[in-house]
Amino acid sequence: MSAVTVQQMADRIAALMQERLNIGGTGLREKLRRGGRRLPAKVRREAEYLAEAAHMSQHPKGHMMIDEGRVAAAYDTCLKYLKDIGATDRMVGRL
């Protein structure tokens, strides 16, 4: 898994957080800082791992330490949760 792929995964989760939860920020790490409490603990933990992996993938030595299976599992967990959130769920959550 290349550094670009890990970064694309993190960017996709960040975009879904913007779209589905209306959390602002420039990257996944900042979005988690601003609105991570809106996510369940397991999803938040996996998103934090994905953000850390995206940061580590920018450096050659850090890229070698990334567990590709764990990154894929973290991405799938976050994607599944964020895809299932619809307009009705967001409205009920606000009320």
# chains A, B, ... in the order shown; residues from 1 in each chain; ligands from 1

call {"tool": "select_by_dssp", "arguments": {"residues": "chain A", "states": "alpha helix (DSSP H)", "output": "PyMOL selection string"}}
result
chain A and resi 3-21+28-35+41-56+60-64+68-84+87-94

call {"tool": "residues_around", "arguments": {"residues": "stretch 78-80 of chain A", "least_positions_apart": "3", "cutoff": "7 Å", "atoms": "only C-alpha atoms", "output": "VMD selection string"}}
result
chain A and resid 13 43 46 to 47 74 to 75 83 to 84

call {"tool": "atom_distance", "arguments": {"atom1": "atom CA of A:Gln8", "atom2": "atom CA of A:Gly62"}}
result
17.0 Å

call {"tool": "residues_around", "arguments": {"residues": "A:Ile66", "least_positions_apart": "2", "cutoff": "12 Å", "atoms": "only C-alpha atoms", "output": "PyMOL selection string"}}
result
chain A and resi 1-3+6+49-64+68-72

call {"tool": "atom_distance", "arguments": {"atom1": "atom CA of A:Glu30", "atom2": "atom CA of A:Leu82"}}
result
17.1 Å

call {"tool": "residues_around", "arguments": {"residues": "A:Glu19", "least_positions_apart": "6", "cutoff": "12 Å", "atoms": "only C-alpha atoms", "output": "JSON, numbers by chain"}}
result
{"A": [12, 13, 25, 31, 82, 83, 85, 86, 87, 90]}

call {"tool": "write_last_selection", "arguments": {"atoms": "all heavy atoms", "output": "PDB file, in the first residue's frame"}}
result
ATOM      1  N   ARG A  12     -10.798  10.554   2.168  1.00  0.00           N
ATOM      2  CA  ARG A  12     -12.174  10.096   1.933  1.00  0.00           C
ATOM      3  C   ARG A  12     -12.977  10.101   3.233  1.00  0.00           C
ATOM      4  O   ARG A  12     -14.129  10.532   3.258  1.00  0.00           O
ATOM      5  CB  ARG A  12     -12.149   8.688   1.319  1.00  0.00           C
ATOM      6  CG  ARG A  12     -13.497   8.063   1.144  1.00  0.00           C
ATOM      7  CD  ARG A  12     -14.277   8.730   0.026  1.00  0.00           C
ATOM      8  NE  ARG A  12     -15.526   8.018  -0.140  1.00  0.00           N
ATOM      9  CZ  ARG A  12     -16.692   8.597  -0.320  1.00  0.00           C
ATOM     10  NH1 ARG A  12     -16.768   9.901  -0.407  1.00  0.00           N
ATOM     11  NH2 ARG A  12     -17.775   7.892  -0.453  1.00  0.00           N
ATOM     12  N   ILE A  13     -12.376   9.638   4.324  1.00  0.00           N
ATOM     13  CA  ILE A  13     -13.058   9.639   5.618  1.00  0.00           C
ATOM     14  C   ILE A  13     -13.295  11.081   6.078  1.00  0.00           C
ATOM     15  O   ILE A  13     -14.355  11.414   6.594  1.00  0.00           O
ATOM     16  CB  ILE A  13     -12.257   8.841   6.664  1.00  0.00           C
ATOM     17  CG1 ILE A  13     -12.154   7.369   6.234  1.00  0.00           C
ATOM     18  CG2 ILE A  13     -12.877   8.958   8.042  1.00  0.00           C
ATOM     19  CD1 ILE A  13     -13.478   6.667   6.052  1.00  0.00           C
ATOM     20  N   GLY A  25     -12.875  21.644   9.093  1.00  0.00           N
ATOM     21  CA  GLY A  25     -11.449  21.423   9.314  1.00  0.00           C
ATOM     22  C   GLY A  25     -10.771  21.102   8.002  1.00  0.00           C
ATOM     23  O   GLY A  25     -11.416  20.879   6.983  1.00  0.00           O
ATOM     24  N   LYS A  31     -10.422  17.334  11.903  1.00  0.00           N
ATOM     25  CA  LYS A  31     -11.845  17.010  12.009  1.00  0.00           C
ATOM     26  C   LYS A  31     -12.110  16.139  13.232  1.00  0.00           C
ATOM     27  O   LYS A  31     -13.122  16.301  13.906  1.00  0.00           O
ATOM     28  CB  LYS A  31     -12.329  16.316  10.747  1.00  0.00           C
ATOM     29  CG  LYS A  31     -12.444  17.253   9.562  1.00  0.00           C
ATOM     30  CD  LYS A  31     -12.922  16.529   8.340  1.00  0.00           C
ATOM     31  CE  LYS A  31     -12.821  17.356   7.101  1.00  0.00           C
ATOM     32  NZ  LYS A  31     -13.624  18.537   7.060  1.00  0.00           N
ATOM     33  N   LEU A  82     -19.953   5.774   8.537  1.00  0.00           N
ATOM     34  CA  LEU A  82     -20.302   7.065   7.954  1.00  0.00           C
ATOM     35  C   LEU A  82     -21.247   6.933   6.764  1.00  0.00           C
ATOM     36  O   LEU A  82     -22.063   7.816   6.521  1.00  0.00           O
ATOM     37  CB  LEU A  82     -19.043   7.821   7.559  1.00  0.00           C
ATOM     38  CG  LEU A  82     -18.204   8.314   8.742  1.00  0.00           C
ATOM     39  CD1 LEU A  82     -16.859   8.828   8.262  1.00  0.00           C
ATOM     40  CD2 LEU A  82     -18.935   9.379   9.523  1.00  0.00           C
ATOM     41  N   LYS A  83     -21.160   5.838   6.009  1.00  0.00           N
ATOM     42  CA  LYS A  83     -22.063   5.624   4.883  1.00  0.00           C
ATOM     43  C   LYS A  83     -23.487   5.391   5.365  1.00  0.00           C
ATOM     44  O   LYS A  83     -24.439   5.754   4.691  1.00  0.00           O
ATOM     45  CB  LYS A  83     -21.623   4.416   4.059  1.00  0.00           C
ATOM     46  CG  LYS A  83     -20.486   4.693   3.138  1.00  0.00           C
ATOM     47  CD  LYS A  83     -20.989   5.373   1.917  1.00  0.00           C
ATOM     48  CE  LYS A  83     -19.912   5.364   0.858  1.00  0.00           C
ATOM     49  NZ  LYS A  83     -20.378   5.923  -0.371  1.00  0.00           N
ATOM     50  N   ILE A  85     -25.008   6.680   7.906  1.00  0.00           N
ATOM     51  CA  ILE A  85     -25.656   7.856   8.481  1.00  0.00           C
ATOM     52  C   ILE A  85     -26.423   8.565   7.376  1.00  0.00           C
ATOM     53  O   ILE A  85     -25.859   8.985   6.377  1.00  0.00           O
ATOM     54  CB  ILE A  85     -24.626   8.821   9.101  1.00  0.00           C
ATOM     55  CG1 ILE A  85     -23.923   8.158  10.258  1.00  0.00           C
ATOM     56  CG2 ILE A  85     -25.309  10.101   9.561  1.00  0.00           C
ATOM     57  CD1 ILE A  85     -22.830   9.006  10.853  1.00  0.00           C
ATOM     58  N   GLY A  86     -27.719   8.703   7.548  1.00  0.00           N
ATOM     59  CA  GLY A  86     -28.559   9.375   6.569  1.00  0.00           C
ATOM     60  C   GLY A  86     -29.092  10.677   7.123  1.00  0.00           C
ATOM     61  O   GLY A  86     -28.793  11.073   8.254  1.00  0.00           O
ATOM     62  N   ALA A  87     -29.901  11.342   6.352  1.00  0.00           N
ATOM     63  CA  ALA A  87     -30.467  12.621   6.774  1.00  0.00           C
ATOM     64  C   ALA A  87     -31.363  12.451   7.990  1.00  0.00           C
ATOM     65  O   ALA A  87     -31.368  13.287   8.898  1.00  0.00           O
ATOM     66  CB  ALA A  87     -31.256  13.249   5.632  1.00  0.00           C
ATOM     67  N   ARG A  90     -29.275  12.055  11.139  1.00  0.00           N
ATOM     68  CA  ARG A  90     -28.679  13.326  11.555  1.00  0.00           C
ATOM     69  C   ARG A  90     -29.709  14.225  12.228  1.00  0.00           C
ATOM     70  O   ARG A  90     -29.414  14.885  13.227  1.00  0.00           O
ATOM     71  CB  ARG A  90     -28.066  14.037  10.347  1.00  0.00           C
ATOM     72  CG  ARG A  90     -26.820  13.347   9.830  1.00  0.00           C
ATOM     73  CD  ARG A  90     -26.230  14.127   8.700  1.00  0.00           C
ATOM     74  NE  ARG A  90     -27.166  14.092   7.594  1.00  0.00           N
ATOM     75  CZ  ARG A  90     -26.812  14.017   6.322  1.00  0.00           C
ATOM     76  NH1 ARG A  90     -25.555  13.996   6.007  1.00  0.00           N
ATOM     77  NH2 ARG A  90     -27.682  13.980   5.363  1.00  0.00           N
TER      78      ARG A  90
END

call {"tool": "residues_around", "arguments": {"residues": "A:Gly24", "least_positions_apart": "6", "cutoff": "12 Å", "atoms": "only C-alpha atoms", "output": "CSV table (one decimal) with all heavy atoms, in the first residue's frame"}}
result
chain,number,residue,atom,x,y,z
A,14,ALA,N,-12.3,11.9,5.9
A,14,ALA,CA,-12.5,13.4,6.2
A,14,ALA,C,-13.6,14.0,5.4
A,14,ALA,O,-14.4,14.8,6.0
A,14,ALA,CB,-11.2,14.1,6.0
A,15,ALA,N,-13.7,13.7,4.2
A,15,ALA,CA,-14.8,14.2,3.3
A,15,ALA,C,-16.2,13.7,3.8
A,15,ALA,O,-17.1,14.5,3.8
A,15,ALA,CB,-14.6,13.9,1.9
A,16,LEU,N,-16.2,12.5,4.2
A,16,LEU,CA,-17.5,11.9,4.7
A,16,LEU,C,-17.9,12.5,6.0
A,16,LEU,O,-19.1,12.8,6.2
A,16,LEU,CB,-17.4,10.4,4.8
A,16,LEU,CG,-17.6,9.6,3.5
A,16,LEU,CD1,-17.3,8.1,3.8
A,16,LEU,CD2,-19.0,9.8,3.0
A,17,MET,N,-16.9,12.8,6.8
A,17,MET,CA,-17.2,13.5,8.1
A,17,MET,C,-17.8,14.9,7.8
A,17,MET,O,-18.7,15.3,8.5
A,17,MET,CB,-16.0,13.6,9.0
A,17,MET,CG,-15.6,12.2,9.6
A,17,MET,SD,-14.1,12.3,10.6
A,17,MET,CE,-14.7,13.2,12.0
A,18,GLN,N,-17.2,15.6,6.8
A,18,GLN,CA,-17.7,16.9,6.5
A,18,GLN,C,-19.1,16.8,5.9
A,18,GLN,O,-20.0,17.6,6.3
A,18,GLN,CB,-16.8,17.5,5.4
A,18,GLN,CG,-17.3,18.8,4.8
A,18,GLN,CD,-17.3,20.0,5.8
A,18,GLN,OE1,-16.4,20.1,6.6
A,18,GLN,NE2,-18.3,20.8,5.7
A,30,GLU,N,-7.7,17.1,12.1
A,30,GLU,CA,-8.3,18.3,12.7
A,30,GLU,C,-9.8,18.1,12.8
A,30,GLU,O,-10.5,18.5,13.8
A,30,GLU,CB,-8.1,19.5,11.8
A,30,GLU,CG,-8.7,20.8,12.4
A,30,GLU,CD,-8.4,22.0,11.5
A,30,GLU,OE1,-7.5,22.0,10.7
A,30,GLU,OE2,-9.0,23.0,11.8
A,31,LYS,N,-10.4,17.3,11.9
A,31,LYS,CA,-11.8,17.0,12.0
A,31,LYS,C,-12.1,16.1,13.2
A,31,LYS,O,-13.1,16.3,13.9
A,31,LYS,CB,-12.3,16.3,10.7
A,31,LYS,CG,-12.4,17.3,9.6
A,31,LYS,CD,-12.9,16.5,8.3
A,31,LYS,CE,-12.8,17.4,7.1
A,31,LYS,NZ,-13.6,18.5,7.1
A,32,LEU,N,-11.2,15.2,13.5
A,32,LEU,CA,-11.4,14.4,14.7
A,32,LEU,C,-11.2,15.2,16.0
A,32,LEU,O,-11.9,15.0,17.0
A,32,LEU,CB,-10.3,13.3,14.7
A,32,LEU,CG,-10.6,12.1,13.8
A,32,LEU,CD1,-9.4,11.2,13.7
A,32,LEU,CD2,-11.8,11.4,14.2
A,33,ARG,N,-10.3,16.2,16.0
A,33,ARG,CA,-10.2,17.1,17.1
A,33,ARG,C,-11.4,17.9,17.3
A,33,ARG,O,-11.9,18.1,18.5
A,33,ARG,CB,-9.0,18.0,16.9
A,33,ARG,CG,-8.6,18.9,18.1
A,33,ARG,CD,-7.5,19.8,17.8
A,33,ARG,NE,-7.7,20.7,16.7
A,33,ARG,CZ,-8.5,21.8,16.8
A,33,ARG,NH1,-9.1,22.2,17.9
A,33,ARG,NH2,-8.6,22.6,15.7
A,34,ARG,N,-12.0,18.4,16.3
A,34,ARG,CA,-13.2,19.3,16.4
A,34,ARG,C,-14.5,18.5,16.7
A,34,ARG,O,-15.3,19.0,17.5
A,34,ARG,CB,-13.4,20.0,15.1
A,34,ARG,CG,-12.4,21.1,14.9
A,34,ARG,CD,-12.7,21.8,13.6
A,34,ARG,NE,-11.8,22.9,13.4
A,34,ARG,CZ,-12.1,24.1,12.9
A,34,ARG,NH1,-13.4,24.3,12.5
A,34,ARG,NH2,-11.2,25.0,12.8
A,35,GLY,N,-14.7,17.4,16.1
A,35,GLY,CA,-16.0,16.7,16.2
A,35,GLY,C,-15.9,15.2,16.4
A,35,GLY,O,-16.9,14.5,16.2
A,36,GLY,N,-14.8,14.7,16.9
A,36,GLY,CA,-14.6,13.3,17.1
A,36,GLY,C,-15.6,12.7,18.1
A,36,GLY,O,-15.9,11.5,18.1

call {"tool": "atom_distance", "arguments": {"atom1": "atom CA of A:Asp67", "atom2": "atom CA of A:Arg45"}}
result
15.2 Å

call {"tool": "closest_residue", "arguments": {"among": "A:Arg37, A:Ala73, A:Tyr81, A:Lys42", "to": "A:Met9", "atoms": "only C-alpha atoms"}}
result
A:Ala73

call {"tool": "closest_residue", "arguments": {"among": "A:Met65, A:Arg38, A:Arg44, A:Gln7", "to": "A:Leu21", "atoms": "only C-alpha atoms"}}
result
A:Arg38
